[in-house]
>>> print(open('structure-v2.cif').read())   # mmCIF, C-alpha atoms and all ligand atoms
data_query
loop_
_atom_site.label_atom_id
_atom_site.label_comp_id
_atom_site.auth_asym_id
_atom_site.auth_seq_id
_atom_site.Cartn_x
_atom_site.Cartn_y
_atom_site.Cartn_z
CA MET A 1 7.54 -14.32 -14.16
CA SER A 2 8.17 -14.91 -10.50
CA LYS A 3 5.35 -14.10 -8.10
CA ARG A 4 7.53 -11.63 -6.25
CA PHE A 5 7.37 -9.21 -9.18
CA GLU A 6 3.64 -8.96 -8.80
CA LYS A 7 2.97 -7.65 -5.37
CA SER A 8 1.10 -4.52 -4.45
CA PHE A 9 2.22 -3.39 -1.04
CA PHE A 10 2.20 0.04 0.57
CA ILE A 11 4.98 0.92 2.99
CA THR A 12 5.38 4.26 4.78
CA LEU A 13 8.31 5.60 6.77
CA GLU A 14 7.50 8.04 9.51
CA GLY A 15 9.38 9.87 12.23
CA GLY A 16 10.72 13.26 13.18
CA GLU A 17 13.26 15.44 11.42
CA GLY A 18 16.58 13.73 10.78
CA SER A 19 15.40 10.32 11.99
CA GLY A 20 16.77 8.68 8.84
CA LYS A 21 13.62 8.22 6.73
CA THR A 22 15.17 9.20 3.40
CA THR A 23 18.32 7.17 4.11
CA GLN A 24 16.31 4.07 4.96
CA ILE A 25 13.87 4.44 2.06
CA ASN A 26 16.80 4.46 -0.34
CA ARG A 27 18.28 1.38 1.33
CA LEU A 28 14.99 -0.52 1.36
CA ALA A 29 14.17 0.36 -2.25
CA GLU A 30 17.62 -0.78 -3.35
CA ALA A 31 17.36 -4.07 -1.46
CA LEU A 32 13.86 -4.87 -2.73
CA THR A 33 14.75 -3.93 -6.29
CA GLY A 34 17.79 -6.22 -6.03
CA LEU A 35 15.47 -9.06 -4.99
CA GLY A 36 13.36 -8.51 -8.10
CA TYR A 37 10.46 -6.43 -6.81
CA ARG A 38 9.07 -3.48 -8.69
CA VAL A 39 9.45 -0.54 -6.33
CA LEU A 40 8.25 3.05 -6.47
CA THR A 41 9.53 5.57 -3.93
CA THR A 42 7.69 8.81 -3.32
CA ARG A 43 7.20 11.46 -0.65
CA GLU A 44 4.72 13.71 1.11
CA PRO A 45 3.93 16.46 0.98
CA GLY A 46 4.74 16.24 -2.70
CA GLY A 47 4.94 13.31 -5.06
CA THR A 48 3.21 15.16 -7.93
CA PRO A 49 4.11 18.48 -9.60
CA GLU A 50 1.05 20.04 -7.93
CA GLY A 51 1.95 18.50 -4.57
CA GLU A 52 5.54 19.72 -4.83
CA LYS A 53 4.18 23.26 -5.25
CA ILE A 54 2.20 22.81 -2.06
CA ARG A 55 5.27 21.36 -0.33
CA ALA A 56 7.17 24.52 -1.19
CA LEU A 57 4.39 26.66 0.32
CA PHE A 58 4.22 24.48 3.35
CA VAL A 59 7.74 23.67 4.42
CA ARG A 60 9.64 26.81 3.50
CA ASP A 61 10.05 29.52 6.09
CA THR A 62 8.52 32.40 4.20
CA GLY A 63 7.04 34.30 7.12
CA MET A 64 3.61 32.71 6.63
CA ASN A 65 1.57 31.80 9.67
CA TRP A 66 -0.70 28.92 8.62
CA SER A 67 -3.28 27.85 11.17
CA PRO A 68 -3.21 24.13 12.05
CA MET A 69 -6.43 23.54 10.07
CA ALA A 70 -5.02 25.38 7.05
CA GLU A 71 -1.89 23.21 7.29
CA VAL A 72 -4.00 20.07 7.26
CA LEU A 73 -5.98 21.29 4.26
CA LEU A 74 -2.80 22.07 2.33
CA ILE A 75 -1.38 18.67 3.14
CA LEU A 76 -4.61 16.96 2.18
CA ALA A 77 -4.81 18.83 -1.11
CA ALA A 78 -1.36 17.48 -1.93
CA ARG A 79 -2.34 14.03 -0.64
CA ALA A 80 -5.49 13.94 -2.77
CA MET A 81 -3.37 14.46 -5.89
CA HIS A 82 -0.66 12.08 -4.75
CA VAL A 83 -2.99 9.21 -3.91
CA GLU A 84 -5.09 9.59 -7.06
CA ARG A 85 -2.24 10.15 -9.53
CA VAL A 86 0.64 8.17 -8.04
CA VAL A 87 -0.06 5.84 -5.12
CA ARG A 88 -3.26 4.11 -6.26
CA PRO A 89 -2.13 3.61 -9.87
CA ALA A 90 1.20 2.16 -8.67
CA LEU A 91 -0.54 -0.21 -6.27
CA GLU A 92 -2.99 -1.23 -8.98
CA GLY A 93 0.04 -1.90 -11.21
CA LYS A 94 1.38 -4.29 -8.52
CA ASN A 95 4.25 -2.19 -7.32
CA ILE A 96 5.67 -1.89 -3.86
CA VAL A 97 5.14 1.77 -3.00
CA ILE A 98 7.44 3.24 -0.35
CA CYS A 99 6.38 6.66 0.81
CA ASP A 100 8.39 9.15 2.89
CA ARG A 101 5.74 10.40 5.38
CA PHE A 102 1.99 9.87 5.05
CA THR A 103 -1.11 10.14 7.27
CA ASP A 104 0.74 9.48 10.54
CA SER A 105 2.83 12.63 10.05
CA THR A 106 -0.38 14.66 9.79
CA THR A 107 -1.62 13.15 13.05
CA ALA A 108 1.73 13.65 14.78
CA TYR A 109 2.54 17.19 13.53
CA GLN A 110 -0.84 18.90 13.15
CA GLY A 111 -2.60 16.81 15.83
CA TYR A 112 -0.11 16.19 18.63
CA GLY A 113 2.25 19.00 17.64
CA ARG A 114 -0.17 21.80 16.80
CA GLY A 115 -3.16 20.66 18.83
CA LEU A 116 -5.78 20.02 16.16
CA GLU A 117 -8.48 17.46 17.15
CA LEU A 118 -7.36 14.00 16.05
CA SER A 119 -10.93 13.09 15.13
CA ALA A 120 -11.10 16.09 12.76
CA ILE A 121 -7.88 14.99 11.06
CA ASP A 122 -9.18 11.42 10.78
CA SER A 123 -12.48 12.36 9.23
CA LEU A 124 -10.95 14.82 6.76
CA THR A 125 -8.36 12.22 5.79
CA LYS A 126 -11.06 9.63 5.25
CA SER A 127 -13.01 11.95 2.95
CA VAL A 128 -9.88 12.52 0.87
CA ILE A 129 -8.32 9.05 0.61
CA GLY A 130 -11.12 6.71 1.67
CA GLU A 131 -10.02 3.43 3.22
CA LEU A 132 -6.46 3.44 1.86
CA LYS A 133 -4.00 2.50 4.61
CA PRO A 134 -0.36 1.52 4.52
CA ASP A 135 0.22 -2.23 4.84
CA LEU A 136 3.31 -1.54 6.89
CA THR A 137 4.67 1.56 8.60
CA PHE A 138 8.09 2.04 10.12
CA ILE A 139 8.24 4.70 12.81
CA LEU A 140 11.85 5.82 13.19
CA ASP A 141 12.14 6.95 16.78
CA LEU A 142 14.82 9.41 17.81
CA PRO A 143 15.08 11.98 20.63
CA PRO A 144 14.27 15.31 18.88
CA GLY A 145 17.55 16.97 19.92
CA ALA A 146 19.55 14.29 18.09
CA GLY A 147 17.32 14.39 15.00
CA LEU A 148 17.42 18.17 14.75
CA SER A 149 21.17 18.31 15.00
CA ARG A 150 21.44 15.69 12.20
CA SER A 151 18.97 17.67 10.08
CA THR A 152 20.69 20.98 10.72
CA LYS A 153 23.99 19.47 9.61
CA ARG A 154 22.33 18.13 6.49
CA LEU A 155 20.67 21.47 5.73
CA ALA A 156 24.02 23.22 6.07
CA ARG A 157 25.57 20.69 3.70
CA ASP A 158 22.68 21.12 1.23
CA HIS A 159 22.81 24.90 1.31
CA GLN A 160 23.34 25.09 -2.42
CA ASN A 161 20.51 22.83 -3.44
CA GLU A 162 16.74 23.04 -3.57
CA ASN A 163 16.17 21.44 -0.15
CA ALA A 164 18.07 24.21 1.56
CA ALA A 165 15.06 26.28 2.55
CA GLU A 166 13.05 23.35 3.96
CA ASP A 167 13.64 24.36 7.52
CA ARG A 168 10.36 25.74 8.82
CA PHE A 169 9.72 22.77 11.13
CA GLU A 170 13.35 22.57 12.18
CA LYS A 171 12.92 26.08 13.60
CA LEU A 172 10.02 25.20 15.93
CA GLU A 173 10.79 24.74 19.61
CA LEU A 174 11.93 21.43 21.09
CA SER A 175 8.68 20.91 23.05
CA PHE A 176 6.81 20.82 19.73
CA HIS A 177 9.09 18.05 18.51
CA ASP A 178 8.65 16.20 21.83
CA ARG A 179 4.88 16.19 21.26
CA VAL A 180 5.38 14.98 17.70
CA ARG A 181 7.55 12.13 18.95
CA GLU A 182 4.94 11.18 21.55
CA GLY A 183 2.33 11.25 18.76
CA PHE A 184 4.26 8.79 16.61
CA LEU A 185 4.82 6.48 19.59
CA ASP A 186 1.09 6.59 20.47
CA ILE A 187 0.20 5.67 16.89
CA GLY A 188 2.64 2.76 17.10
CA LYS A 189 0.95 1.54 20.30
CA ARG A 190 -2.56 1.97 18.89
CA GLU A 191 -1.81 0.07 15.68
CA PRO A 192 0.83 -2.56 16.44
CA GLU A 193 -0.28 -4.74 13.50
CA ARG A 194 0.64 -2.02 11.02
CA CYS A 195 3.42 -0.13 12.78
CA ILE A 196 6.94 -1.12 13.76
CA VAL A 197 8.87 1.32 15.91
CA VAL A 198 12.58 1.28 15.04
CA ASP A 199 15.21 2.75 17.35
CA ALA A 200 16.78 5.41 15.12
CA THR A 201 19.84 5.87 17.35
CA THR A 202 21.03 2.57 15.87
CA GLY A 203 23.49 2.60 12.95
CA VAL A 204 22.27 2.90 9.37
CA ASP A 205 23.17 -0.70 8.41
CA LYS A 206 21.49 -2.27 11.40
CA MET A 207 18.33 -0.22 10.87
CA ALA A 208 18.32 -1.20 7.19
CA ARG A 209 18.52 -4.89 8.14
CA ILE A 210 15.69 -4.60 10.67
CA ILE A 211 13.51 -2.79 8.14
CA LEU A 212 14.24 -5.22 5.29
CA ASP A 213 13.67 -8.30 7.48
CA ALA A 214 10.34 -6.97 8.74
CA THR A 215 9.27 -6.06 5.20
CA LEU A 216 10.14 -9.49 3.78
CA ASN A 217 8.39 -11.09 6.71
CA LYS A 218 5.18 -9.13 5.99
CA LEU A 219 5.50 -9.78 2.27
CA GLY A 220 5.50 -13.46 3.12
CA ASN A 221 9.07 -14.35 2.17
N1 LIG A 301 21.18 5.68 11.73
C1 LIG A 301 21.82 6.84 11.58
N2 LIG A 301 22.82 7.20 12.42
C2 LIG A 301 23.46 8.37 12.29
N3 LIG A 301 23.21 9.28 11.32
C3 LIG A 301 22.24 8.99 10.44
C4 LIG A 301 21.49 7.76 10.54
N4 LIG A 301 20.58 7.75 9.54
C5 LIG A 301 20.74 8.91 8.87
N5 LIG A 301 21.73 9.65 9.40
C6 LIG A 301 22.18 10.98 8.96
O1 LIG A 301 21.27 11.93 9.51
C7 LIG A 301 20.91 12.91 8.54
C8 LIG A 301 19.41 12.86 8.30
O2 LIG A 301 19.08 11.63 7.67
P1 LIG A 301 17.86 11.55 6.64
O3 LIG A 301 17.92 12.68 5.70
O4 LIG A 301 17.82 10.17 6.11
O5 LIG A 301 16.65 11.76 7.68
P2 LIG A 301 15.15 12.20 7.37
O6 LIG A 301 14.34 11.51 8.41
O7 LIG A 301 14.83 11.93 5.95
O8 LIG A 301 15.22 13.76 7.64
P3 LIG A 301 14.16 14.90 7.19
O9 LIG A 301 12.97 14.73 8.07
O10 LIG A 301 14.90 16.17 7.48
O11 LIG A 301 13.87 14.66 5.73
C9 LIG A 301 21.74 12.61 7.30
O12 LIG A 301 22.87 13.41 7.32
C10 LIG A 301 22.09 11.14 7.45
O13 LIG A 301 23.30 10.82 6.82
MG MG A 302 14.07 13.15 4.43
#
>>> encode(input="structure-v2.cif", output="structure tokens")
Amino acid sequence: MSKRFEKSFFITLEGGEGSGKTTQINRLAEALTGLGYRVLTTREPGGTPEGEKIRALFVRDTGMNWSPMAEVLLILAARAMHVERVVRPALEGKNIVICDRFTDSTTAYQGYGRGLELSAIDSLTKSVIGELKPDLTFILDLPPGAGLSRSTKRLARDHQNENAAEDRFEKLELSFHDRVREGFLDIGKREPERCIVVDATTGVDKMARIILDATLNKLGN
């Protein structure tokens, strides 16, 4: 069997609402699968039946008013399950794991967005997932106005399906999303070895090429 089938590698896609994460994860997974890699795609919050329950609590606009710390604890409960049951086993089984949002979203949303101490988020995260870090993270950067209008269009289109109610964050004010964007960009600057910031105003095909090239480069192809 070719070596390329046997690679454990952890990729995360991060960025604000409507920045194209799901679109690009599908493209990247398809391209890598076509090249012969074993690929698992997953998402946070969620990725396990238990985590999906928490996702529903967390992202649906049900009139709840979670404090920032409570949000982090919900997310981390889902992450604990996801890492233990899905991410670690897949990496141990030499898969490429591509995850839609991970720790950087917690830093950007609950830290920069909602004002929780970054050091508190870091230490809680460490207690839950230990030293696990993505090998490569793409930060899809888009002005929040553009991302929200894309997301709103998608939500309207999805109104019949199960994603329809996932609009709690879409409803927050633009300044919140500006802080989230700044958070992602700061993370990219702090960890340039791991993070690649991709201009998400670019077309889908061009973004997909940039993301695939950078991934193959890091994988050593
Ligand atoms: N590069 C792009 N240019 C223009 N439109 C795009 C681009 N990428 C994705 N879109 C469109 O924008 C919308 C949101 O894309 P997508 O669902 O991939 O983003 P997302 O980051 O996963 O959003 P969310 O955070 O809401 O899950 C979709 O309708 C998609 O077709
Ligand atoms: Mg998405």
>>> residues_around(input="structure-v2.cif", residues="Gly20 (chain A)", least_positions_apart="4", cutoff="9 Å", atoms="only C-alpha atoms", output="list of chain:residue names")
A:Gly15, A:Gly16, A:Gln24, A:Ile25, A:Leu140, A:Gly147, A:Ala200, A:Val204
>>> write_last_selection(input="structure-v2.cif", atoms="C-alpha atoms", output="PDB file, keeping the file's coordinate frame")
ATOM      1  CA  GLY A  15       9.380   9.870  12.230  1.00  0.00           C
ATOM      2  CA  GLY A  16      10.720  13.260  13.180  1.00  0.00           C
ATOM      3  CA  GLN A  24      16.310   4.070   4.960  1.00  0.00           C
ATOM      4  CA  ILE A  25      13.870   4.440   2.060  1.00  0.00           C
ATOM      5  CA  LEU A 140      11.850   5.820  13.190  1.00  0.00           C
ATOM      6  CA  GLY A 147      17.320  14.390  15.000  1.00  0.00           C
ATOM      7  CA  ALA A 200      16.780   5.410  15.120  1.00  0.00           C
ATOM      8  CA  VAL A 204      22.270   2.900   9.370  1.00  0.00           C
TER       9      VAL A 204
END
>>> residues_around(input="structure-v2.cif", residues="Asp199 (chain A)", least_positions_apart="2", cutoff="9 Å", atoms="only C-alpha atoms", output="list in words")
Ile139, Leu140, Asp141, Leu142, Val197, Thr201, Thr202 and Met207 of chain A
>>> write_last_selection(input="structure-v2.cif", atoms="C-alpha atoms", output="compact mmCIF listing (two decimals), in the frame of the given file")
# COMPACT_ATOMS: atom_id res chain seq x y z
CA ILE A 139 8.24 4.70 12.81
CA LEU A 140 11.85 5.82 13.19
CA ASP A 141 12.14 6.95 16.78
CA LEU A 142 14.82 9.41 17.81
CA VAL A 197 8.87 1.32 15.91
CA THR A 201 19.84 5.87 17.35
CA THR A 202 21.03 2.57 15.87
CA MET A 207 18.33 -0.22 10.87
>>> residues_near_ligand(input="structure-v2.cif", ligand="ligand MG 302 (chain A)", cutoff="10 Å", atoms="all atoms listed in the file", output="VMD selection string")
chain A and resid 13 to 25 43 to 44 100 to 101 151 154 163
>>> closest_residue(input="structure-v2.cif", among="A:Ala108, A:Leu74, A:Glu84, A:Glu131", to="Lys53 (chain A)", atoms="only C-alpha atoms")
A:Leu74
>>> atom_distance(input="structure-v2.cif", atom1="CA of Ala80 (chain A)", atom2="CA of Val128 (chain A)")
5.9 Å
>>> closest_residue(input="structure-v2.cif", among="A:Cys195, A:Ile98, A:Asp205, A:Thr62", to="Thr41 (chain A)", atoms="only C-alpha atoms")
A:Ile98
>>> residues_around(input="structure-v2.cif", residues="Arg79 (chain A)", least_positions_apart="3", cutoff="12 Å", atoms="all atoms listed in the file", output="MDAnalysis selection string")
chainID A and resid 42:52 54:55 72:76 82:88 99 101:103 105:106 124:130 132
>>> write_last_selection(input="structure-v2.cif", atoms="C-alpha atoms", output="short mmCIF file (atom, residue, chain, number, x, y, z; two decimals), in the coordinates of the input")
data_model
loop_
_atom_site.label_atom_id
_atom_site.label_comp_id
_atom_site.auth_asym_id
_atom_site.auth_seq_id
_atom_site.Cartn_x
_atom_site.Cartn_y
_atom_site.Cartn_z
CA THR A 42 7.69 8.81 -3.32
CA ARG A 43 7.20 11.46 -0.65
CA GLU A 44 4.72 13.71 1.11
CA PRO A 45 3.93 16.46 0.98
CA GLY A 46 4.74 16.24 -2.70
CA GLY A 47 4.94 13.31 -5.06
CA THR A 48 3.21 15.16 -7.93
CA PRO A 49 4.11 18.48 -9.60
CA GLU A 50 1.05 20.04 -7.93
CA GLY A 51 1.95 18.50 -4.57
CA GLU A 52 5.54 19.72 -4.83
CA ILE A 54 2.20 22.81 -2.06
CA ARG A 55 5.27 21.36 -0.33
CA VAL A 72 -4.00 20.07 7.26
CA LEU A 73 -5.98 21.29 4.26
CA LEU A 74 -2.80 22.07 2.33
CA ILE A 75 -1.38 18.67 3.14
CA LEU A 76 -4.61 16.96 2.18
CA HIS A 82 -0.66 12.08 -4.75
CA VAL A 83 -2.99 9.21 -3.91
CA GLU A 84 -5.09 9.59 -7.06
CA ARG A 85 -2.24 10.15 -9.53
CA VAL A 86 0.64 8.17 -8.04
CA VAL A 87 -0.06 5.84 -5.12
CA ARG A 88 -3.26 4.11 -6.26
CA CYS A 99 6.38 6.66 0.81
CA ARG A 101 5.74 10.40 5.38
CA PHE A 102 1.99 9.87 5.05
CA THR A 103 -1.11 10.14 7.27
CA SER A 105 2.83 12.63 10.05
CA THR A 106 -0.38 14.66 9.79
CA LEU A 124 -10.95 14.82 6.76
CA THR A 125 -8.36 12.22 5.79
CA LYS A 126 -11.06 9.63 5.25
CA SER A 127 -13.01 11.95 2.95
CA VAL A 128 -9.88 12.52 0.87
CA ILE A 129 -8.32 9.05 0.61
CA GLY A 130 -11.12 6.71 1.67
CA LEU A 132 -6.46 3.44 1.86
#
>>> closest_residue(input="structure-v2.cif", among="A:Ile187, A:Leu136, A:Ile11, A:Ile196", to="Ile210 (chain A)", atoms="all atoms listed in the file")
A:Ile196
>>> residues_around(input="structure-v2.cif", residues="Lys7 (chain A)", least_positions_apart="3", cutoff="9 Å", atoms="all atoms listed in the file", output="JSON, numbers by chain")
{"A": [3, 4, 37, 38, 91, 93, 94, 95, 96, 219]}
>>> atom_distance(input="structure-v2.cif", atom1="CA of Leu116 (chain A)", atom2="CA of Pro68 (chain A)")
6.4 Å
>>> axis_aligned_box(input="structure-v2.cif", around="ligand LIG 301 (chain A)", padding_each_side="5 Å", output="JSON")
{"center_x": 18.2, "center_y": 10.9, "center_z": 9.1, "size_x": 20.5, "size_y": 20.5, "size_z": 16.7}
>>> closest_residue(input="structure-v2.cif", among="A:Gly220, A:Gly183, A:Pro144, A:Gly63", to="ligand LIG 301 (chain A)", atoms="only C-alpha atoms and all ligand atoms")
A:Pro144
>>> atom_distance(input="structure-v2.cif", atom1="CA of Lys206 (chain A)", atom2="CA of Val39 (chain A)")
21.5 Å
>>> closest_residue(input="structure-v2.cif", among="A:Thr12, A:Gln110, A:Ser67, A:Ser149", to="ligand LIG 301 (chain A)", atoms="all atoms listed in the file")
A:Ser149
